[in-house]
Amino acid sequence: MPHQCLKCGKVYEDSKYVIDGCPNCGGKSFYYTKKPLDEKKRQEILKEIENKENREFINIDIKKEKIEDILEEIRKRKEEALREAEKLGKKVESISVKQVGEYEINVKRLIEEGTIIIYKEGAYYIYLPSLFKTPKR
Amino acid sequence: MGIFSKLSQWLLSIFGKRHVRIGIYGPPNAGKTTLANRIAMDWAGEIVGEVSEIPHETRKIQKKDRIVIKDGKSSLTIDLIDTPGIATKIDYHDFMAYGLSEEEAKKRAKEATEGVIEAIKWLDSLDGVILLLDSTKNPFTQVNITILGNLEARELPFIIAANKVDLNGSTPATLKSAFPQHDVVPISALTGLNMNLLYEAMVKKFSKRKK
């Protein structure tokens, strides 16, 4: 099935352009369709993709004008994230089961100590071999 | 190593006087603190820590230094380490059954879990271990087997003490046959029964230098 470049509307049979980009206009977004779309429809889809990307990747929503204020805001948010990590670091469990399918991983404890302690519904499950180090010979 | 320390070590090896750090390990409620208190009372006239029927009463390492144990002409100076019980599951609901509030029970569960980590870390700085097991309970548990296997792998000298022989359901013989290759001393830390046998075994076992 052909791919249509959403930017310029050119249709390609070869799917390699999907990876390389449109040779005509350099567009990176393609639509997989039998029936080529008109420009209005293509613009709609492009806008939709753009919005989605913004939502997913750019969540630093800083509404400040001066560069100093922006930097200050970034510093504050970094501190906040560090505090969150610190709070998790104080927990004894390395994995917490919030509910089936929802887990909180204490990466700090797992990486630094390698202890496997699972917390679920008020009970700590301790995997003893992860605590007993292999003795030095 | 200087000549003096070599000489003093040689003398110590002959007269069996050594200063060693001994840890009491075992599952929760095996009677570790009761035993630590018994040893400290017998030889130093002081207790090491509080005991309770609620499991995980000891949640931090407790230490009593320089206890001199004598057996005939030999003696042994020990720093005694009482450790939190080692468990594979610590559930706050279990503590609530003893009348603790939810908040207290949850705090206890967290501290007890930290205690397990601390107890195991301490193995690195010990010269010997008393593995205290409850002779009224099944010896083949994950906790007992894991500790035992690790002590063997570390080549750390240890004695198995089968505690609570004063109780009706006690079967120290089961413990002896469960671990035939190890010294098993049946005792009652609470009543003091057979403590002389344990002291004898301790002086014998822990006076030897590690290879």
# chains A, B, ... in the order shown; residues from 1 in each chain; ligands from 1
$ interface_residues --of "chain A" --to "chain B" --cutoff "6 Å" --atoms "only C-alpha atoms" --output "ChimeraX atom specification"
/A:122-126,135
$ write_last_selection --atoms "C-alpha atoms" --output "CSV table (one decimal), in the first residue's frame"
chain,number,residue,atom,x,y,z
A,122,GLY,CA,0.9,-4.4,54.8
A,123,ALA,CA,3.3,-7.4,54.6
A,124,TYR,CA,7.0,-7.3,53.8
A,125,TYR,CA,8.2,-10.3,51.9
A,126,ILE,CA,11.9,-10.8,52.3
A,135,PRO,CA,31.0,-14.7,51.4
$ closest_atom_pairs --of "region 140-187 of chain B" --to "region 22-36 of chain B" --cutoff "10 Å" --atoms "only C-alpha atoms" --output "CSV"
residue,atom,partner,partner_atom,distance
B:Thr141,CA,B:Pro27,CA,9.4
B:Val143,CA,B:Pro27,CA,6.7
B:Asn144,CA,B:Gly26,CA,7.1
B:Ile147,CA,B:Gly26,CA,8.0
B:Leu148,CA,B:Gly26,CA,9.8
B:Pro157,CA,B:Ile22,CA,9.6
B:Phe158,CA,B:Ile22,CA,9.1
B:Ile159,CA,B:Ile24,CA,9.8
B:Ile160,CA,B:Gly26,CA,9.6
B:Ala161,CA,B:Ile24,CA,9.8
B:Ala162,CA,B:Ala30,CA,9.0
B:Asn163,CA,B:Ala30,CA,7.0
B:Lys164,CA,B:Gly31,CA,8.0
B:Ile187,CA,B:Leu35,CA,9.5
$ residues_around --residues "Thr33 (chain A)" --least-positions-apart "2" --cutoff "10 Å" --atoms "only C-alpha atoms" --output "VMD selection string"
chain A and resid 1 to 4 11 30 to 31 35 to 37
$ write_last_selection --atoms "C-alpha atoms" --output "PDB file, in the first residue's frame"
ATOM      1  CA  MET A   1       0.000   0.000   0.000  1.00  0.00           C
ATOM      2  CA  PRO A   2       1.225   3.490  -0.778  1.00  0.00           C
ATOM      3  CA  HIS A   3       2.400   6.091   1.723  1.00  0.00           C
ATOM      4  CA  GLN A   4       1.486   9.701   1.288  1.00  0.00           C
ATOM      5  CA  VAL A  11       2.566   9.443  -2.837  1.00  0.00           C
ATOM      6  CA  PHE A  30       3.396   9.734   6.246  1.00  0.00           C
ATOM      7  CA  TYR A  31      -0.107   8.429   5.961  1.00  0.00           C
ATOM      8  CA  LYS A  35      -6.842   6.901  -1.417  1.00  0.00           C
ATOM      9  CA  PRO A  36      -4.620  10.012  -1.311  1.00  0.00           C
ATOM     10  CA  LEU A  37      -5.896  12.697   1.085  1.00  0.00           C
TER      11      LEU A  37
END
$ select_by_dssp --residues "region 51-211 of chain B" --states "strand (DSSP E)" --output "PyMOL selection string"
chain B and resi 62-71+74-82+89-91+128-134+158-163+184-186
$ write_last_selection --atoms "N, CA and C atoms" --output "compact mmCIF listing (two decimals), in the first residue's frame"
# COMPACT_ATOMS: atom_id res chain seq x y z
N GLN B 62 21.49 -5.37 69.66
CA GLN B 62 21.80 -5.02 71.06
C GLN B 62 23.12 -5.68 71.42
N LYS B 63 23.94 -4.95 72.16
CA LYS B 63 25.30 -5.42 72.36
C LYS B 63 25.68 -5.37 73.83
N LYS B 64 26.39 -6.38 74.28
CA LYS B 64 26.95 -6.33 75.63
C LYS B 64 28.41 -6.76 75.50
N ASP B 65 29.29 -5.83 75.85
CA ASP B 65 30.72 -6.08 75.64
C ASP B 65 31.38 -6.75 76.84
N ARG B 66 32.46 -7.42 76.55
CA ARG B 66 33.37 -7.98 77.54
C ARG B 66 32.69 -8.84 78.61
N ILE B 67 32.05 -9.90 78.16
CA ILE B 67 31.50 -10.87 79.09
C ILE B 67 32.52 -12.01 79.17
N VAL B 68 32.97 -12.32 80.36
CA VAL B 68 33.97 -13.39 80.49
C VAL B 68 33.28 -14.68 80.92
N ILE B 69 33.38 -15.67 80.06
CA ILE B 69 32.77 -16.97 80.34
C ILE B 69 33.87 -17.95 80.74
N LYS B 70 33.65 -18.68 81.84
CA LYS B 70 34.67 -19.62 82.28
C LYS B 70 34.15 -21.05 82.19
N ASP B 71 35.05 -21.93 81.79
CA ASP B 71 34.72 -23.35 81.80
C ASP B 71 35.96 -24.08 82.31
N SER B 74 39.69 -22.91 81.39
CA SER B 74 39.64 -22.06 80.20
C SER B 74 38.62 -20.96 80.39
N SER B 75 38.89 -19.83 79.74
CA SER B 75 37.89 -18.77 79.74
C SER B 75 37.87 -18.09 78.38
N LEU B 76 36.78 -17.41 78.16
CA LEU B 76 36.58 -16.77 76.86
C LEU B 76 35.91 -15.42 77.09
N THR B 77 36.49 -14.38 76.51
CA THR B 77 35.86 -13.06 76.64
C THR B 77 35.05 -12.81 75.37
N ILE B 78 33.78 -12.53 75.56
CA ILE B 78 32.95 -12.30 74.37
C ILE B 78 32.26 -10.94 74.41
N ASP B 79 32.12 -10.37 73.21
CA ASP B 79 31.19 -9.25 73.02
C ASP B 79 29.96 -9.91 72.43
N LEU B 80 28.86 -9.82 73.17
CA LEU B 80 27.66 -10.54 72.78
C LEU B 80 26.73 -9.65 71.96
N ILE B 81 26.33 -10.14 70.79
CA ILE B 81 25.44 -9.37 69.91
C ILE B 81 24.10 -10.08 69.84
N ASP B 82 23.07 -9.40 70.29
CA ASP B 82 21.71 -9.94 70.18
C ASP B 82 21.08 -9.33 68.93
N LYS B 89 8.71 -13.18 55.95
CA LYS B 89 7.48 -12.40 55.78
C LYS B 89 7.17 -11.69 57.10
N ILE B 90 6.97 -10.40 57.03
CA ILE B 90 6.61 -9.65 58.24
C ILE B 90 5.34 -8.86 57.94
N ASP B 91 4.26 -9.24 58.58
CA ASP B 91 2.95 -8.69 58.27
C ASP B 91 2.41 -7.94 59.50
N GLY B 128 31.94 -15.65 65.60
CA GLY B 128 31.19 -16.88 65.80
C GLY B 128 29.72 -16.58 66.00
N VAL B 129 28.91 -17.62 65.87
CA VAL B 129 27.46 -17.44 65.94
C VAL B 129 26.83 -18.54 66.79
N ILE B 130 25.83 -18.14 67.60
CA ILE B 130 24.96 -19.14 68.22
C ILE B 130 23.66 -19.09 67.42
N LEU B 131 23.36 -20.16 66.73
CA LEU B 131 22.11 -20.21 65.97
C LEU B 131 21.06 -20.79 66.90
N LEU B 132 20.14 -19.94 67.31
CA LEU B 132 19.15 -20.35 68.28
C LEU B 132 17.84 -20.74 67.59
N LEU B 133 17.46 -22.00 67.75
CA LEU B 133 16.23 -22.48 67.12
C LEU B 133 15.24 -22.89 68.20
N ASP B 134 13.98 -22.82 67.84
CA ASP B 134 12.90 -23.18 68.75
C ASP B 134 12.65 -24.69 68.59
N PHE B 158 30.02 -22.00 64.46
CA PHE B 158 28.72 -21.77 65.08
C PHE B 158 28.23 -22.99 65.85
N ILE B 159 27.36 -22.71 66.81
CA ILE B 159 26.74 -23.75 67.62
C ILE B 159 25.24 -23.62 67.42
N ILE B 160 24.55 -24.75 67.26
CA ILE B 160 23.10 -24.68 67.21
C ILE B 160 22.58 -24.93 68.62
N ALA B 161 21.79 -24.01 69.14
CA ALA B 161 21.17 -24.22 70.44
C ALA B 161 19.69 -24.47 70.22
N ALA B 162 19.22 -25.61 70.71
CA ALA B 162 17.80 -25.96 70.58
C ALA B 162 17.10 -25.46 71.84
N ASN B 163 16.42 -24.34 71.71
CA ASN B 163 15.85 -23.67 72.88
C ASN B 163 14.44 -24.19 73.22
N VAL B 184 24.65 -29.59 68.37
CA VAL B 184 23.33 -29.10 68.79
C VAL B 184 23.24 -29.24 70.31
N VAL B 185 23.04 -28.11 71.00
CA VAL B 185 22.93 -28.14 72.45
C VAL B 185 21.49 -27.83 72.85
N PRO B 186 20.81 -28.80 73.51
CA PRO B 186 19.44 -28.52 73.94
C PRO B 186 19.43 -27.69 75.21
$ atom_distance --atom1 "CA of Glu68 (chain A)" --atom2 "CA of Arg83 (chain A)"
22.7 Å
$ select_by_dssp --residues "region 51-118 of chain A" --states "alpha helix (DSSP H)" --output "NGL selection string"
:A and (51-57 or 67-89 or 107-112)
$ residues_around --residues "Ile116 (chain A)" --least-positions-apart "3" --cutoff "12 Å" --atoms "only C-alpha atoms" --output "PyMOL selection string"
(chain A and resi 92-96+105-113+119+124-132) or (chain B and resi 88+113+117)
$ atom_distance --atom1 "CA of Gly192 (chain B)" --atom2 "CA of Thr58 (chain B)"
20.8 Å
